Amino acid sequence: FVNVRDMRDDGPIGFSSGELLLMALGNCSLGTLLNHEIFDDISLSKVSASLESISETNPSRMSAINVNIEIEVDEESLQGREATLERIADNCPIGNTLRFTPEVEVTVKLISREKSSVS
């Protein structure tokens with residue numbers, strides 16, 4: 001099943017493939033960061049991620065993605081440790097896949113549907 005954006009009278013529904021990729025990257029970055037031991041004994045008030053991408057054509061692709069994470073926390077021990085937190089979040093599997101050129105192979109198999117005969 002492919003999630004395809006559809007236009008309705010009141011606006012678009014569904015997500016584009018690019019939006020799905022950005023959601024996956026945002027969730028992966030947050031999950032990698034928040035599951036790190038640095039947050040074991042820290043109570044978080046609010047965490048959010050917003051992502052922006054720059055798109056190009058020929059070929060159609062995202063040429064840059066910015067992941068912006070905001071963490072609301074009262075813990076003083078994290079103050080000034082943004083660079084460490086960025087390195088942790090930057091280690092998510094989806095980010096690693098996007099950062100290093102993966103080998104992608106596309107295979108298409110056509111299957112003929114036999115017409116059933118009605119007697």
# chains A, B, ... in the order shown; residues from 1 in each chain; ligands from 1
$ residues_around --residues "range 30-38 of chain A" --least-positions-apart "4" --cutoff "6 Å" --atoms "only C-alpha atoms" --output "PDB file with N, CA, C and O atoms, in the first residue's frame"
ATOM      1  N   ILE A  88      24.384  12.762  19.528  1.00  0.00           N
ATOM      2  CA  ILE A  88      23.558  11.595  19.869  1.00  0.00           C
ATOM      3  C   ILE A  88      22.393  11.477  18.894  1.00  0.00           C
ATOM      4  O   ILE A  88      22.154  10.416  18.313  1.00  0.00           O
ATOM      5  N   ALA A  89      21.645  12.563  18.717  1.00  0.00           N
ATOM      6  CA  ALA A  89      20.473  12.544  17.822  1.00  0.00           C
ATOM      7  C   ALA A  89      20.871  12.270  16.386  1.00  0.00           C
ATOM      8  O   ALA A  89      20.115  11.664  15.625  1.00  0.00           O
ATOM      9  N   CYS A  92      20.928   8.415  14.481  1.00  0.00           N
ATOM     10  CA  CYS A  92      19.782   7.531  14.230  1.00  0.00           C
ATOM     11  C   CYS A  92      19.986   6.772  12.916  1.00  0.00           C
ATOM     12  O   CYS A  92      20.635   7.261  11.995  1.00  0.00           O
TER      13      CYS A  92
END
$ select_by_dssp --residues "range 3-115 of chain A" --states "alpha helix (DSSP H)" --output "PyMOL selection string"
chain A and resi 17-34+82-89+93-99
$ write_last_selection --atoms "N, CA and C atoms" --output "tab-separated table (two decimals), in the first residue's frame"
chain	number	residue	atom	x	y	z
A	17	SER	N	5.48	11.36	-0.11
A	17	SER	CA	6.59	10.49	0.26
A	17	SER	C	7.68	11.29	0.97
A	18	GLY	N	7.90	12.52	0.58
A	18	GLY	CA	8.88	13.37	1.25
A	18	GLY	C	8.49	13.67	2.68
A	19	GLU	N	7.21	13.94	2.91
A	19	GLU	CA	6.74	14.21	4.26
A	19	GLU	C	6.88	12.96	5.14
A	20	LEU	N	6.60	11.79	4.58
A	20	LEU	CA	6.76	10.56	5.33
A	20	LEU	C	8.22	10.33	5.71
A	21	LEU	N	9.13	10.64	4.79
A	21	LEU	CA	10.56	10.51	5.07
A	21	LEU	C	10.97	11.45	6.20
A	22	LEU	N	10.51	12.70	6.15
A	22	LEU	CA	10.84	13.66	7.20
A	22	LEU	C	10.27	13.23	8.55
A	23	MET	N	9.05	12.70	8.57
A	23	MET	CA	8.47	12.21	9.83
A	23	MET	C	9.29	11.06	10.39
A	24	ALA	N	9.71	10.15	9.52
A	24	ALA	CA	10.51	9.01	9.97
A	24	ALA	C	11.85	9.50	10.53
A	25	LEU	N	12.49	10.44	9.86
A	25	LEU	CA	13.76	10.97	10.33
A	25	LEU	C	13.59	11.71	11.66
A	26	GLY	N	12.55	12.50	11.80
A	26	GLY	CA	12.29	13.21	13.05
A	26	GLY	C	12.05	12.26	14.20
A	27	ASN	N	11.22	11.24	13.98
A	27	ASN	CA	10.94	10.25	15.03
A	27	ASN	C	12.18	9.46	15.39
A	28	CYS	N	12.97	9.10	14.40
A	28	CYS	CA	14.20	8.34	14.63
A	28	CYS	C	15.19	9.18	15.43
A	29	SER	N	15.35	10.44	15.06
A	29	SER	CA	16.28	11.32	15.77
A	29	SER	C	15.86	11.51	17.22
A	30	LEU	N	14.56	11.75	17.44
A	30	LEU	CA	14.06	11.91	18.80
A	30	LEU	C	14.20	10.62	19.61
A	31	GLY	N	13.87	9.51	18.99
A	31	GLY	CA	13.97	8.22	19.69
A	31	GLY	C	15.40	7.90	20.08
A	32	THR	N	16.34	8.13	19.17
A	32	THR	CA	17.75	7.87	19.46
A	32	THR	C	18.23	8.77	20.59
A	33	LEU	N	17.84	10.02	20.56
A	33	LEU	CA	18.26	10.97	21.59
A	33	LEU	C	17.65	10.63	22.94
A	34	LEU	N	16.34	10.47	22.98
A	34	LEU	CA	15.64	10.31	24.26
A	34	LEU	C	15.87	8.95	24.90
A	82	GLU	N	24.65	21.05	24.25
A	82	GLU	CA	23.91	20.92	22.99
A	82	GLU	C	24.71	20.12	21.95
A	83	ALA	N	26.02	20.35	21.86
A	83	ALA	CA	26.83	19.64	20.87
A	83	ALA	C	26.80	18.13	21.10
A	84	THR	N	26.86	17.71	22.36
A	84	THR	CA	26.77	16.28	22.68
A	84	THR	C	25.40	15.73	22.31
A	85	LEU	N	24.35	16.47	22.64
A	85	LEU	CA	22.99	16.03	22.31
A	85	LEU	C	22.78	15.96	20.80
A	86	GLU	N	23.37	16.88	20.06
A	86	GLU	CA	23.27	16.85	18.59
A	86	GLU	C	23.96	15.62	18.03
A	87	ARG	N	25.14	15.26	18.57
A	87	ARG	CA	25.85	14.06	18.10
A	87	ARG	C	25.03	12.80	18.37
A	88	ILE	N	24.38	12.76	19.53
A	88	ILE	CA	23.56	11.60	19.87
A	88	ILE	C	22.39	11.48	18.89
A	89	ALA	N	21.65	12.56	18.72
A	89	ALA	CA	20.47	12.54	17.82
A	89	ALA	C	20.87	12.27	16.39
A	93	PRO	N	19.46	5.55	12.82
A	93	PRO	CA	19.66	4.73	11.63
A	93	PRO	C	19.17	5.37	10.33
A	94	ILE	N	18.08	6.10	10.38
A	94	ILE	CA	17.57	6.72	9.15
A	94	ILE	C	18.50	7.84	8.71
A	95	GLY	N	18.98	8.64	9.66
A	95	GLY	CA	19.94	9.68	9.34
A	95	GLY	C	21.22	9.09	8.76
A	96	ASN	N	21.68	7.99	9.35
A	96	ASN	CA	22.89	7.32	8.83
A	96	ASN	C	22.66	6.81	7.42
A	97	THR	N	21.49	6.30	7.15
A	97	THR	CA	21.17	5.80	5.80
A	97	THR	C	21.18	6.95	4.80
A	98	LEU	N	20.60	8.07	5.17
A	98	LEU	CA	20.56	9.22	4.26
A	98	LEU	C	21.93	9.85	4.07
A	99	ARG	N	22.74	9.82	5.10
A	99	ARG	CA	24.05	10.46	5.06
A	99	ARG	C	25.04	9.72	4.16
$ select_by_dssp --residues "chain A" --states "strand (DSSP E)" --output "number ranges by chain"
A: 6-8, 11-13, 44-56, 61-73
$ residues_around --residues "range 42-53 of chain A" --least-positions-apart "6" --cutoff "8 Å" --atoms "only C-alpha atoms" --output "list in words"
Leu22, Gly26, Leu30, Met62, Ser63, Ala64, Ile65, Asn66, Val67, Asn68, Ile69, Glu70, Ile71, Glu72, Val73, Asp74 and Glu75 of chain A
$ decode --residues "range 80-92 of chain A" --atoms "all heavy atoms" --output "mmCIF file, in the first residue's frame"
data_model
loop_
_atom_site.group_PDB
_atom_site.id
_atom_site.type_symbol
_atom_site.label_atom_id
_atom_site.label_comp_id
_atom_site.auth_asym_id
_atom_site.auth_seq_id
_atom_site.Cartn_x
_atom_site.Cartn_y
_atom_site.Cartn_z
ATOM 1 N N GLY A 80 24.540 23.762 28.197
ATOM 2 C CA GLY A 80 25.810 23.841 27.489
ATOM 3 C C GLY A 80 26.238 22.553 26.819
ATOM 4 O O GLY A 80 27.334 22.476 26.270
ATOM 5 N N ARG A 81 25.393 21.539 26.821
ATOM 6 C CA ARG A 81 25.755 20.234 26.236
ATOM 7 C C ARG A 81 25.041 19.988 24.917
ATOM 8 O O ARG A 81 24.865 18.853 24.499
ATOM 9 C CB ARG A 81 25.446 19.124 27.233
ATOM 10 C CG ARG A 81 26.256 19.305 28.526
ATOM 11 C CD ARG A 81 26.255 18.123 29.405
ATOM 12 N NE ARG A 81 26.892 16.971 28.766
ATOM 13 C CZ ARG A 81 26.795 15.742 29.241
ATOM 14 N NH1 ARG A 81 26.106 15.510 30.337
ATOM 15 N NH2 ARG A 81 27.375 14.743 28.625
ATOM 16 N N GLU A 82 24.647 21.049 24.250
ATOM 17 C CA GLU A 82 23.913 20.916 22.992
ATOM 18 C C GLU A 82 24.710 20.120 21.953
ATOM 19 O O GLU A 82 24.144 19.300 21.225
ATOM 20 C CB GLU A 82 23.547 22.289 22.418
ATOM 21 C CG GLU A 82 22.467 23.016 23.183
ATOM 22 C CD GLU A 82 22.994 23.826 24.362
ATOM 23 O OE1 GLU A 82 24.214 23.782 24.648
ATOM 24 O OE2 GLU A 82 22.177 24.505 24.992
ATOM 25 N N ALA A 83 26.018 20.347 21.862
ATOM 26 C CA ALA A 83 26.834 19.639 20.868
ATOM 27 C C ALA A 83 26.803 18.131 21.104
ATOM 28 O O ALA A 83 26.700 17.345 20.153
ATOM 29 C CB ALA A 83 28.276 20.155 20.887
ATOM 30 N N THR A 84 26.858 17.712 22.356
ATOM 31 C CA THR A 84 26.770 16.278 22.684
ATOM 32 C C THR A 84 25.404 15.729 22.307
ATOM 33 O O THR A 84 25.297 14.657 21.705
ATOM 34 C CB THR A 84 27.021 16.064 24.195
ATOM 35 O OG1 THR A 84 28.333 16.522 24.502
ATOM 36 C CG2 THR A 84 26.866 14.609 24.584
ATOM 37 N N LEU A 85 24.348 16.469 22.636
ATOM 38 C CA LEU A 85 22.990 16.030 22.312
ATOM 39 C C LEU A 85 22.784 15.959 20.800
ATOM 40 O O LEU A 85 22.111 15.042 20.306
ATOM 41 C CB LEU A 85 21.965 16.958 22.964
ATOM 42 C CG LEU A 85 22.005 17.017 24.498
ATOM 43 C CD1 LEU A 85 21.048 18.076 25.013
ATOM 44 C CD2 LEU A 85 21.722 15.658 25.105
ATOM 45 N N GLU A 86 23.368 16.883 20.058
ATOM 46 C CA GLU A 86 23.273 16.854 18.594
ATOM 47 C C GLU A 86 23.962 15.617 18.030
ATOM 48 O O GLU A 86 23.446 14.966 17.107
ATOM 49 C CB GLU A 86 23.880 18.119 17.995
ATOM 50 C CG GLU A 86 23.027 19.347 18.227
ATOM 51 C CD GLU A 86 23.737 20.650 17.885
ATOM 52 O OE1 GLU A 86 24.916 20.624 17.456
ATOM 53 O OE2 GLU A 86 23.097 21.715 18.060
ATOM 54 N N ARG A 87 25.138 15.265 18.573
ATOM 55 C CA ARG A 87 25.850 14.061 18.100
ATOM 56 C C ARG A 87 25.033 12.804 18.373
ATOM 57 O O ARG A 87 24.980 11.893 17.551
ATOM 58 C CB ARG A 87 27.227 13.956 18.753
ATOM 59 C CG ARG A 87 28.280 14.821 18.106
ATOM 60 C CD ARG A 87 29.687 14.452 18.557
ATOM 61 N NE ARG A 87 29.864 14.523 20.006
ATOM 62 C CZ ARG A 87 30.142 15.624 20.691
ATOM 63 N NH1 ARG A 87 30.279 16.777 20.053
ATOM 64 N NH2 ARG A 87 30.295 15.587 21.999
ATOM 65 N N ILE A 88 24.384 12.762 19.528
ATOM 66 C CA ILE A 88 23.558 11.595 19.869
ATOM 67 C C ILE A 88 22.393 11.477 18.894
ATOM 68 O O ILE A 88 22.154 10.416 18.313
ATOM 69 C CB ILE A 88 23.054 11.690 21.328
ATOM 70 C CG1 ILE A 88 24.226 11.611 22.299
ATOM 71 C CG2 ILE A 88 22.026 10.601 21.610
ATOM 72 C CD1 ILE A 88 23.864 12.001 23.736
ATOM 73 N N ALA A 89 21.645 12.563 18.717
ATOM 74 C CA ALA A 89 20.473 12.544 17.822
ATOM 75 C C ALA A 89 20.871 12.270 16.386
ATOM 76 O O ALA A 89 20.115 11.664 15.625
ATOM 77 C CB ALA A 89 19.719 13.868 17.924
ATOM 78 N N ASP A 90 22.077 12.688 16.015
ATOM 79 C CA ASP A 90 22.563 12.531 14.641
ATOM 80 C C ASP A 90 22.957 11.098 14.319
ATOM 81 O O ASP A 90 23.319 10.794 13.198
ATOM 82 C CB ASP A 90 23.752 13.466 14.422
ATOM 83 C CG ASP A 90 24.039 13.722 12.959
ATOM 84 O OD1 ASP A 90 23.087 13.712 12.160
ATOM 85 O OD2 ASP A 90 25.219 13.919 12.626
ATOM 86 N N ASN A 91 22.870 10.204 15.295
ATOM 87 C CA ASN A 91 23.253 8.809 15.092
ATOM 88 C C ASN A 91 22.075 7.887 14.813
ATOM 89 O O ASN A 91 22.225 6.668 14.878
ATOM 90 C CB ASN A 91 24.011 8.283 16.316
ATOM 91 C CG ASN A 91 25.490 8.408 16.125
ATOM 92 O OD1 ASN A 91 25.993 8.241 15.023
ATOM 93 N ND2 ASN A 91 26.195 8.711 17.198
ATOM 94 N N CYS A 92 20.928 8.415 14.481
ATOM 95 C CA CYS A 92 19.782 7.531 14.230
ATOM 96 C C CYS A 92 19.986 6.772 12.916
ATOM 97 O O CYS A 92 20.635 7.261 11.995
ATOM 98 C CB CYS A 92 18.476 8.321 14.239
ATOM 99 S SG CYS A 92 18.021 9.089 12.686
#
